[in-house]
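A short write-up of the structure that comes next.
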Amino acid sequence: MMILSTILVALVALEHVYILALEMFMWTTPRAQKAFGTTKEFAQDTKSLAANQGLYNGFLAAGLVWGLLHPNDTFGFQLQLFFVICVGVAAVYGGMTAKKSILLVQGLPAFLAIIALLLANL
């Protein structure tokens with residue numbers, strides 16, 4: 001279960017690095033517009049807001065990586081659990097306020113990682 005939790009947490013971290021890239025560097029591209037359901041005009045008008053959101057997603061990814069690499073297993077577990085719960089909360093909020101698919105795309109991996117982490121550390 002420890003290997004599964006590590007893989008799931010790493011996948012959540014990678015997903016948030018990808019979201020960082022989409023929001024900070026590719027917001028006005030067709031790829032990001034398709035991913036977020038925006039128009040070219042909206043993307044241009046909200047470019048700085050999206051970059052700010054991307055930075056926050058990067059912080060979530062950094063926290064998860066910190067937890068994965070921390071030499072103290074107990075503290076590493078606590079870091080991973082904290083940051084993956086933050087991702088889960090953000091996914092629920094985003095799913096309720098922005099786009100329902102966020103619950104599936106961001107929430108499902110986060111909640112699977114939470115379950116795996118808890119089971120691995122019983």
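If you're wondering about the labels, chains in the structure tokens are A, B, ... by order shown, residues count from 1 in each chain, ligands from 1 in order shown.
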
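The environment of Glu15 of chain A within 12 Å, counting only C-alpha atoms and disregarding residues fewer than 3 places along the same chain, consists of Leu8, Val9, Ala10, Leu11, Val12, Tyr18, Ile19, Leu20, Ala21, Leu22, Gly54, Asn57, Gly58, Leu60, Ala61, Ala62, Leu64, Val65, Val84, Val87, Val105, Gln106, Gly107, Leu108, Pro109 and Ala110 of chain A.
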
Quick one: residues within 9 Å of Thr39 of chain A, only C-alpha atoms counted, chain neighbours fewer than 4 positions away excluded, as an MDAnalysis selection string? chainID A and resid 28 30 33:34 43:44

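Using only C-alpha atoms, the nearest neighbour of Ala32 of chain A within the list A:Ala98, A:Ala13, A:Ala50, A:Ala120 is A:Ala50.
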
Could you pull the residues within 8 Å of Gly76 of chain A, counting only C-alpha atoms, minus those fewer than 5 positions along the same chain, as an mmCIF file with N, CA and C atoms, in the first residue's frame?
```cif
data_model
loop_
_atom_site.group_PDB
_atom_site.id
_atom_site.type_symbol
_atom_site.label_atom_id
_atom_site.label_comp_id
_atom_site.auth_asym_id
_atom_site.auth_seq_id
_atom_site.Cartn_x
_atom_site.Cartn_y
_atom_site.Cartn_z
ATOM 1 N N TRP A 66 7.767 17.696 -1.413
ATOM 2 C CA TRP A 66 8.476 17.812 -0.137
ATOM 3 C C TRP A 66 8.123 16.622 0.753
ATOM 4 N N GLY A 67 6.851 16.302 0.837
ATOM 5 C CA GLY A 67 6.423 15.165 1.647
ATOM 6 C C GLY A 67 6.974 13.850 1.126
ATOM 7 N N LEU A 68 7.004 13.681 -0.176
ATOM 8 C CA LEU A 68 7.527 12.444 -0.765
ATOM 9 C C LEU A 68 9.021 12.275 -0.517
ATOM 10 N N LEU A 69 9.754 13.376 -0.509
ATOM 11 C CA LEU A 69 11.218 13.308 -0.400
ATOM 12 C C LEU A 69 11.747 13.516 1.009
ATOM 13 N N HIS A 70 10.881 13.857 1.944
ATOM 14 C CA HIS A 70 11.353 14.163 3.295
ATOM 15 C C HIS A 70 11.994 12.925 3.923
ATOM 16 N N PRO A 71 13.166 13.075 4.540
ATOM 17 C CA PRO A 71 13.867 11.919 5.102
ATOM 18 C C PRO A 71 13.191 11.309 6.337
#
```

If you measure from atom CA of Gln78 of chain A to atom CA of Thr97 of chain A, what distance in Å do you get, rounded to one decimal? 28.4 Å

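With only C-alpha atoms as the atoms that count, the residue of A:Phe77, A:Thr29, A:Met24, A:Phe42 with the shortest distance to Asn121 of chain A is A:Phe77.
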
Kindly indicate which residue among A:Ala116, A:Val89, A:Leu79, A:Ala35 lies nearest to Ser101 of chain A, using only C-alpha atoms for the distances. A:Ala35

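Here atom CA of Leu118 of chain A and atom CA of Val92 of chain A stand 19.7 Å from one another.
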
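Atom CA of Leu49 of chain A is found 22.2 Å from atom CA of Phe83 of chain A.
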
Pick the closest to Ile7 of chain A from A:Gln80, A:Ala90, A:Gly95, A:Gly63: which is it, counting only C-alpha atoms? A:Gln80
